$ cat target10.pdb   # PDB, C-alpha atoms
ATOM      1  CA  PHE A   1       0.000   0.000   0.000
ATOM      2  CA  LEU A   2       2.748   2.410   1.030
ATOM      3  CA  ARG A   3       4.762   1.757  -2.135
ATOM      4  CA  GLY A   4       1.725   2.503  -4.296
ATOM      5  CA  LEU A   5       1.002   5.671  -2.354
ATOM      6  CA  PHE A   6       4.595   6.870  -2.740
ATOM      7  CA  ARG A   7       4.464   6.034  -6.465
ATOM      8  CA  GLN A   8       1.355   8.216  -6.863
ATOM      9  CA  VAL A   9       2.863  11.109  -4.908
ATOM     10  CA  SER A  10       6.192  10.905  -6.762
ATOM     11  CA  GLN A  11       4.359  11.316 -10.060
ATOM     12  CA  THR A  12       3.186  14.762  -8.907
ATOM     13  CA  ARG A  13       6.867  15.832  -8.743
ATOM     14  CA  SER A  14       6.084  17.955  -5.702
ATOM     15  CA  SER A  15       8.711  17.688  -2.982
ATOM     16  CA  GLU A  16       6.344  19.400  -0.521
ATOM     17  CA  THR A  17       3.722  16.676  -1.051
ATOM     18  CA  PHE A  18       6.407  14.024  -0.711
ATOM     19  CA  VAL A  19       7.634  15.487   2.603
ATOM     20  CA  ALA A  20       4.022  15.804   3.788
ATOM     21  CA  LEU A  21       3.453  12.106   3.043
ATOM     22  CA  CYS A  22       6.589  11.170   4.989
ATOM     23  CA  LEU A  23       5.402  13.222   7.962
ATOM     24  CA  LEU A  24       1.919  11.713   7.671
ATOM     25  CA  VAL A  25       3.381   8.190   7.720
ATOM     26  CA  SER A  26       5.487   9.055  10.781
ATOM     27  CA  ALA A  27       2.607  10.665  12.682
ATOM     28  CA  GLY A  28       0.245   7.891  11.616
ATOM     29  CA  MET A  29       2.596   5.172  12.815
ATOM     30  CA  GLY A  30       2.949   7.028  16.124
ATOM     31  CA  GLU A  31      -0.820   7.025  16.553
ATOM     32  CA  ILE A  32      -1.102   3.363  15.536
ATOM     33  CA  ALA A  33       1.578   2.482  18.082
ATOM     34  CA  LYS A  34      -0.290   4.411  20.804
ATOM     35  CA  THR A  35      -3.510   2.594  19.889
ATOM     36  CA  LEU A  36      -1.682  -0.725  20.254
ATOM     37  CA  GLY A  37      -0.429   0.303  23.702
ATOM     38  CA  LEU A  38       3.115   1.121  22.603
ATOM     39  CA  THR A  39       4.894   4.463  22.763
ATOM     40  CA  ASP A  40       4.775   6.953  19.919
ATOM     41  CA  THR A  41       8.572   6.641  19.856
ATOM     42  CA  ALA A  42       8.188   2.989  18.869
ATOM     43  CA  GLY A  43       5.764   4.094  16.156
ATOM     44  CA  ALA A  44       8.239   6.653  14.840
ATOM     45  CA  PHE A  45      10.922   3.966  14.767
ATOM     46  CA  ALA A  46       8.579   1.663  12.819
ATOM     47  CA  ALA A  47       7.824   4.526  10.421
ATOM     48  CA  GLY A  48      11.540   4.986   9.831
ATOM     49  CA  VAL A  49      11.890   1.302   9.004
ATOM     50  CA  LEU A  50       8.884   1.484   6.654
ATOM     51  CA  LEU A  51      10.194   4.580   4.882
ATOM     52  CA  ALA A  52      13.691   3.098   4.579
ATOM     53  CA  ASN A  53      12.265   0.032   2.854
ATOM     54  CA  THR A  54      10.447   1.907   0.101
ATOM     55  CA  ASN A  55      11.904   2.337  -3.373
ATOM     56  CA  TYR A  56      12.027   6.076  -2.693
ATOM     57  CA  ARG A  57      14.423   6.096   0.267
ATOM     58  CA  ALA A  58      17.005   8.186  -1.633
ATOM     59  CA  GLN A  59      14.387  10.802  -2.475
ATOM     60  CA  ILE A  60      13.099  10.722   1.114
ATOM     61  CA  GLN A  61      16.629  11.308   2.390
ATOM     62  CA  ALA A  62      17.143  14.196  -0.024
ATOM     63  CA  ASP A  63      13.802  15.833   0.838
ATOM     64  CA  ILE A  64      14.205  15.389   4.598
ATOM     65  CA  LEU A  65      17.840  16.583   4.617
ATOM     66  CA  PRO A  66      16.956  20.261   5.294
ATOM     67  CA  PHE A  67      15.083  19.163   8.442
ATOM     68  CA  LYS A  68      17.841  16.855   9.674
ATOM     69  CA  GLY A  69      19.650  19.453  11.769
ATOM     70  CA  ILE A  70      16.448  20.722  13.343
ATOM     71  CA  LEU A  71      15.191  17.220  14.136
ATOM     72  CA  LEU A  72      18.558  16.179  15.583
ATOM     73  CA  GLY A  73      18.573  19.314  17.704
ATOM     74  CA  ILE A  74      15.079  18.557  19.007
ATOM     75  CA  PHE A  75      16.067  14.952  19.735
ATOM     76  CA  PHE A  76      19.175  15.915  21.693
ATOM     77  CA  MET A  77      17.341  18.688  23.558
ATOM     78  CA  ASP A  78      14.679  16.153  24.545
ATOM     79  CA  ALA A  79      17.293  13.575  25.558
ATOM     80  CA  GLY A  80      19.304  16.204  27.418
ATOM     81  CA  SER A  81      16.247  17.383  29.324
ATOM     82  CA  ASN A  82      15.999  13.867  30.788
ATOM     83  CA  PHE A  83      19.574  14.085  32.109
ATOM     84  CA  ASP A  84      19.362  14.551  35.870
ATOM     85  CA  LEU A  85      22.696  16.087  36.887
ATOM     86  CA  ASN A  86      21.883  15.851  40.603
ATOM     87  CA  LEU A  87      21.214  12.124  40.275
ATOM     88  CA  VAL A  88      24.445  11.653  38.316
ATOM     89  CA  MET A  89      26.466  13.535  40.944
ATOM     90  CA  GLN A  90      24.798  11.557  43.721
ATOM     91  CA  GLU A  91      25.270   8.214  41.967
ATOM     92  CA  TRP A  92      28.435   8.921  39.965
ATOM     93  CA  PRO A  93      30.098   5.557  40.765
ATOM     94  CA  THR A  94      27.020   3.696  39.489
ATOM     95  CA  VAL A  95      26.829   5.845  36.352
ATOM     96  CA  PHE A  96      30.581   5.484  35.727
ATOM     97  CA  ILE A  97      30.591   1.703  36.165
ATOM     98  CA  GLY A  98      27.350   1.378  34.187
ATOM     99  CA  ALA A  99      28.812   3.404  31.306
ATOM    100  CA  LEU A 100      31.992   1.313  31.306
ATOM    101  CA  ALA A 101      29.931  -1.889  31.442
ATOM    102  CA  LEU A 102      27.690  -0.783  28.555
ATOM    103  CA  ILE A 103      30.677   0.185  26.419
ATOM    104  CA  GLY A 104      32.572  -3.004  27.277
ATOM    105  CA  ILE A 105      29.687  -5.417  26.754
ATOM    106  CA  LYS A 106      28.559  -3.740  23.543
ATOM    107  CA  ALA A 107      32.133  -3.617  22.166
ATOM    108  CA  LEU A 108      32.648  -7.316  22.906
ATOM    109  CA  THR A 109      29.291  -8.204  21.351
ATOM    110  CA  LEU A 110      30.068  -6.208  18.212
ATOM    111  CA  ALA A 111      33.559  -7.702  18.019
ATOM    112  CA  ALA A 112      32.119 -11.219  18.259
ATOM    113  CA  ALA A 113      29.586 -10.397  15.547
ATOM    114  CA  THR A 114      32.380  -9.280  13.204
ATOM    115  CA  ARG A 115      34.356 -12.489  13.780
ATOM    116  CA  VAL A 116      31.785 -14.920  12.382
ATOM    117  CA  PRO A 117      33.643 -17.757  10.604
ATOM    118  CA  ARG A 118      34.232 -17.205   6.875
ATOM    119  CA  ALA A 119      32.293 -20.395   6.089
ATOM    120  CA  ILE A 120      29.156 -18.693   7.443
ATOM    121  CA  GLU A 121      29.905 -15.122   6.321
ATOM    122  CA  PRO A 122      32.414 -14.954   3.440
ATOM    123  CA  ASN A 123      32.270 -11.136   3.398
ATOM    124  CA  ARG A 124      33.156 -10.581   7.039
ATOM    125  CA  LEU A 125      35.052  -7.460   7.986
ATOM    126  CA  PRO A 126      38.839  -7.381   8.094
ATOM    127  CA  PRO A 127      40.253  -7.065  11.640
ATOM    128  CA  VAL A 128      41.082  -3.360  11.289
ATOM    129  CA  ASP A 129      37.477  -2.470  10.411
ATOM    130  CA  ALA A 130      36.103  -4.875  13.006
ATOM    131  CA  ILE A 131      38.085  -3.119  15.746
ATOM    132  CA  ARG A 132      37.051   0.334  14.555
ATOM    133  CA  ILE A 133      33.358  -0.537  14.370
ATOM    134  CA  SER A 134      33.344  -2.452  17.654
ATOM    135  CA  VAL A 135      34.833   0.428  19.622
ATOM    136  CA  LEU A 136      33.168   3.310  17.765
ATOM    137  CA  LEU A 137      29.643   1.869  18.078
ATOM    138  CA  ALA A 138      30.104   0.670  21.674
ATOM    139  CA  GLY A 139      28.279   3.615  23.220
ATOM    140  CA  GLY A 140      24.542   3.824  23.736
ATOM    141  CA  GLY A 141      22.273   4.740  20.871
ATOM    142  CA  GLU A 142      18.944   6.352  20.144
ATOM    143  CA  PHE A 143      17.118   3.019  20.208
ATOM    144  CA  ALA A 144      17.880   2.787  23.939
ATOM    145  CA  PHE A 145      15.461   5.672  24.466
ATOM    146  CA  VAL A 146      12.752   3.762  22.602
ATOM    147  CA  VAL A 147      13.271   0.761  24.878
ATOM    148  CA  LEU A 148      13.444   2.907  28.028
ATOM    149  CA  ALA A 149      10.288   4.810  27.073
ATOM    150  CA  LEU A 150       8.461   1.522  26.568
ATOM    151  CA  ALA A 151       9.771   0.168  29.888
ATOM    152  CA  GLU A 152       8.557   3.319  31.620
ATOM    153  CA  LYS A 153       5.161   3.105  29.959
ATOM    154  CA  ILE A 154       4.611  -0.496  31.031
ATOM    155  CA  GLY A 155       5.874   0.341  34.504
ATOM    156  CA  ILE A 156       8.692  -2.200  34.780
ATOM    157  CA  VAL A 157      11.310   0.347  35.852
ATOM    158  CA  SER A 158      11.133   2.915  38.606
ATOM    159  CA  ASP A 159      11.709   6.600  37.906
ATOM    160  CA  TYR A 160      14.994   6.362  39.804
ATOM    161  CA  LEU A 161      16.285   3.450  37.704
ATOM    162  CA  LEU A 162      15.030   5.118  34.530
ATOM    163  CA  GLY A 163      17.030   8.231  35.440
ATOM    164  CA  LEU A 164      20.162   6.156  36.027
ATOM    165  CA  LEU A 165      19.795   4.219  32.778
ATOM    166  CA  THR A 166      19.108   7.398  30.808
ATOM    167  CA  ALA A 167      22.201   9.014  32.324
ATOM    168  CA  ILE A 168      24.336   5.988  31.463
ATOM    169  CA  VAL A 169      23.171   6.002  27.839
ATOM    170  CA  LEU A 170      23.676   9.777  27.530
ATOM    171  CA  VAL A 171      27.160   9.611  29.046
ATOM    172  CA  THR A 172      28.172   6.872  26.602
ATOM    173  CA  MET A 173      26.743   8.888  23.717
ATOM    174  CA  GLY A 174      28.713  11.887  24.936
ATOM    175  CA  VAL A 175      32.025  10.013  24.851
ATOM    176  CA  THR A 176      31.562   8.850  21.250
ATOM    177  CA  PRO A 177      34.292  11.216  19.946
ATOM    178  CA  ILE A 178      36.701   9.713  22.489
ATOM    179  CA  LEU A 179      35.646   6.226  21.378
ATOM    180  CA  GLY A 180      36.375   7.271  17.787
ATOM    181  CA  ASP A 181      39.910   8.306  18.713
ATOM    182  CA  LEU A 182      40.362   5.091  20.733
ATOM    183  CA  ALA A 183      39.090   3.003  17.808
ATOM    184  CA  GLU A 184      41.590   4.665  15.508
ATOM    185  CA  SER A 185      44.535   4.102  17.853
ATOM    186  CA  LEU A 186      43.574   0.477  18.634
ATOM    187  CA  SER A 187      43.268  -0.363  14.935
ATOM    188  CA  GLN A 188      46.631   1.198  13.963
ATOM    189  CA  PRO A 189      48.677  -2.025  14.488
ATOM    190  CA  PHE A 190      46.366  -3.870  12.111
TER     191      PHE A 190
END
$ encode --input "target10.pdb" --output "C-alpha cells"
Amino acid sequence: FLRGLFRQVSQTRSSETFVALCLLVSAGMGEIAKTLGLTDTAGAFAAGVLLANTNYRAQIQADILPFKGILLGIFFMDAGSNFDLNLVMQEWPTVFIGALALIGIKALTLAAATRVPRAIEPNRLPPVDAIRISVLLAGGGEFAFVVLALAEKIGIVSDYLLGLLTAIVLVTMGVTPILGDLAESLSQPF
C-alpha cells in the first residue's frame, strides 16, 4: 500500500507533497503504536523502518535533509532534558561503572559479531574495520530511548532506575568522539 502511495505522490513531482506524506506516515505510525499500547517513539521507529524500505528512500533522504539538523537538535534537547545532573552527581560511581559496562559489553558483542567464521559469512570485515566498528559503536544509541520509554510506559522500571539508565546512555553517547579516537589508535597495528 505504502509503495503505491509513494508512487502516486512521486508522479506529482512535488517535494512538498512528498515530505508531507513522509510526515503523515510518521505521525500515523505514532498514533497506531499508541492505539496498540506502545509508545509513539516505537511508532516513529517503525515509520523509519517502513520509509527506509520503500523504493524512494534516496528521495526521502534528499527531501528530509533540510530538516535533519532541526530534528537532531530537538532529539538531543529532549534527551538532554531527561539528564538529571543531581542524580548523576549523587550516583556517579554507578553511572561510571554502568557506562563502562555498557561500552565493554557492547564492544565485545560487536567484536564477536564481526568475527563470524568465513564459512558462514564470506564477506566478514577485516580485523582493522572490526576493531574500529566495535569500539566506535560501543556507546549507547537512540534506540535505547525507545526501549526505556516503553519500559517506563509499562511500569517495569522505577523513575529512579530510569534516570540512572538514561544518564548511562547519555554519558556513553557523549564520549563517542573519544571512542572514535580510541578506535583509531587500537586499529593502527592492524
$ residues_around --input "target10.pdb" --residues "segment 164-174 of chain A" --least-positions-apart "5" --cutoff "6 Å" --atoms "only C-alpha atoms" --output "list in words"
Phe83, Val95, Ala99, Gly139 and Gly140 of chain A
$ write_last_selection --input "target10.pdb" --atoms "C-alpha atoms" --output "mmCIF file, in the coordinates of the input"
data_model
loop_
_atom_site.group_PDB
_atom_site.id
_atom_site.type_symbol
_atom_site.label_atom_id
_atom_site.label_comp_id
_atom_site.auth_asym_id
_atom_site.auth_seq_id
_atom_site.Cartn_x
_atom_site.Cartn_y
_atom_site.Cartn_z
ATOM 1 C CA PHE A 83 19.574 14.085 32.109
ATOM 2 C CA VAL A 95 26.829 5.845 36.352
ATOM 3 C CA ALA A 99 28.812 3.404 31.306
ATOM 4 C CA GLY A 139 28.279 3.615 23.220
ATOM 5 C CA GLY A 140 24.542 3.824 23.736
#
$ atom_distance --input "target10.pdb" --atom1 "atom CA of Ala107 of chain A" --atom2 "atom CA of Leu148 of chain A"
20.6 Å
$ atom_distance --input "target10.pdb" --atom1 "atom CA of Ser187 of chain A" --atom2 "atom CA of Val128 of chain A"
5.2 Å
$ closest_residue --input "target10.pdb" --among "A:Phe96, A:Leu23, A:Asp129, A:Tyr160" --to "Ala44 of chain A" --atoms "all atoms listed in the file"
A:Leu23
$ resolve_selection --input "target10.pdb" --expression "the PyMOL selection byres ((chain A and resi 55) around 12)" --output "number ranges by chain"
A: 2-7, 10, 50-54, 56-61
$ write_last_selection --input "target10.pdb" --atoms "C-alpha atoms" --output "PDB file, keeping the file's coordinate frame"
ATOM      1  CA  LEU A   2       2.748   2.410   1.030  1.00  0.00           C
ATOM      2  CA  ARG A   3       4.762   1.757  -2.135  1.00  0.00           C
ATOM      3  CA  GLY A   4       1.725   2.503  -4.296  1.00  0.00           C
ATOM      4  CA  LEU A   5       1.002   5.671  -2.354  1.00  0.00           C
ATOM      5  CA  PHE A   6       4.595   6.870  -2.740  1.00  0.00           C
ATOM      6  CA  ARG A   7       4.464   6.034  -6.465  1.00  0.00           C
ATOM      7  CA  SER A  10       6.192  10.905  -6.762  1.00  0.00           C
ATOM      8  CA  LEU A  50       8.884   1.484   6.654  1.00  0.00           C
ATOM      9  CA  LEU A  51      10.194   4.580   4.882  1.00  0.00           C
ATOM     10  CA  ALA A  52      13.691   3.098   4.579  1.00  0.00           C
ATOM     11  CA  ASN A  53      12.265   0.032   2.854  1.00  0.00           C
ATOM     12  CA  THR A  54      10.447   1.907   0.101  1.00  0.00           C
ATOM     13  CA  TYR A  56      12.027   6.076  -2.693  1.00  0.00           C
ATOM     14  CA  ARG A  57      14.423   6.096   0.267  1.00  0.00           C
ATOM     15  CA  ALA A  58      17.005   8.186  -1.633  1.00  0.00           C
ATOM     16  CA  GLN A  59      14.387  10.802  -2.475  1.00  0.00           C
ATOM     17  CA  ILE A  60      13.099  10.722   1.114  1.00  0.00           C
ATOM     18  CA  GLN A  61      16.629  11.308   2.390  1.00  0.00           C
TER      19      GLN A  61
END
$ residues_around --input "target10.pdb" --residues "Ile133 of chain A" --least-positions-apart "3" --cutoff "9 Å" --atoms "only C-alpha atoms" --output "number ranges by chain"
A: 107, 110-111, 114, 128-130, 136-138, 183
$ residues_around --input "target10.pdb" --residues "Leu186 of chain A" --least-positions-apart "6" --cutoff "10 Å" --atoms "all atoms listed in the file" --output "list in words"
Val128, Ile131, Arg132, Val135 and Gly180 of chain A
$ write_last_selection --input "target10.pdb" --atoms "C-alpha atoms" --output "short mmCIF file (atom, residue, chain, number, x, y, z; two decimals), in the coordinates of the input"
data_model
loop_
_atom_site.label_atom_id
_atom_site.label_comp_id
_atom_site.auth_asym_id
_atom_site.auth_seq_id
_atom_site.Cartn_x
_atom_site.Cartn_y
_atom_site.Cartn_z
CA VAL A 128 41.08 -3.36 11.29
CA ILE A 131 38.08 -3.12 15.75
CA ARG A 132 37.05 0.33 14.56
CA VAL A 135 34.83 0.43 19.62
CA GLY A 180 36.38 7.27 17.79
#
$ atom_distance --input "target10.pdb" --atom1 "atom CA of Leu179 of chain A" --atom2 "atom CA of Ile97 of chain A"
16.3 Å
$ closest_residue --input "target10.pdb" --among "A:Pro177, A:Glu142, A:Asn82, A:Pro66" --to "Phe45 of chain A" --atoms "all atoms listed in the file"
A:Glu142
$ axis_aligned_box --input "target10.pdb" --around "segment 69-83 of chain A" --padding-each-side "6 Å" --output "JSON"
{"center_x": 17.2, "center_y": 17.1, "center_z": 21.9, "size_x": 17.0, "size_y": 19.1, "size_z": 32.3}
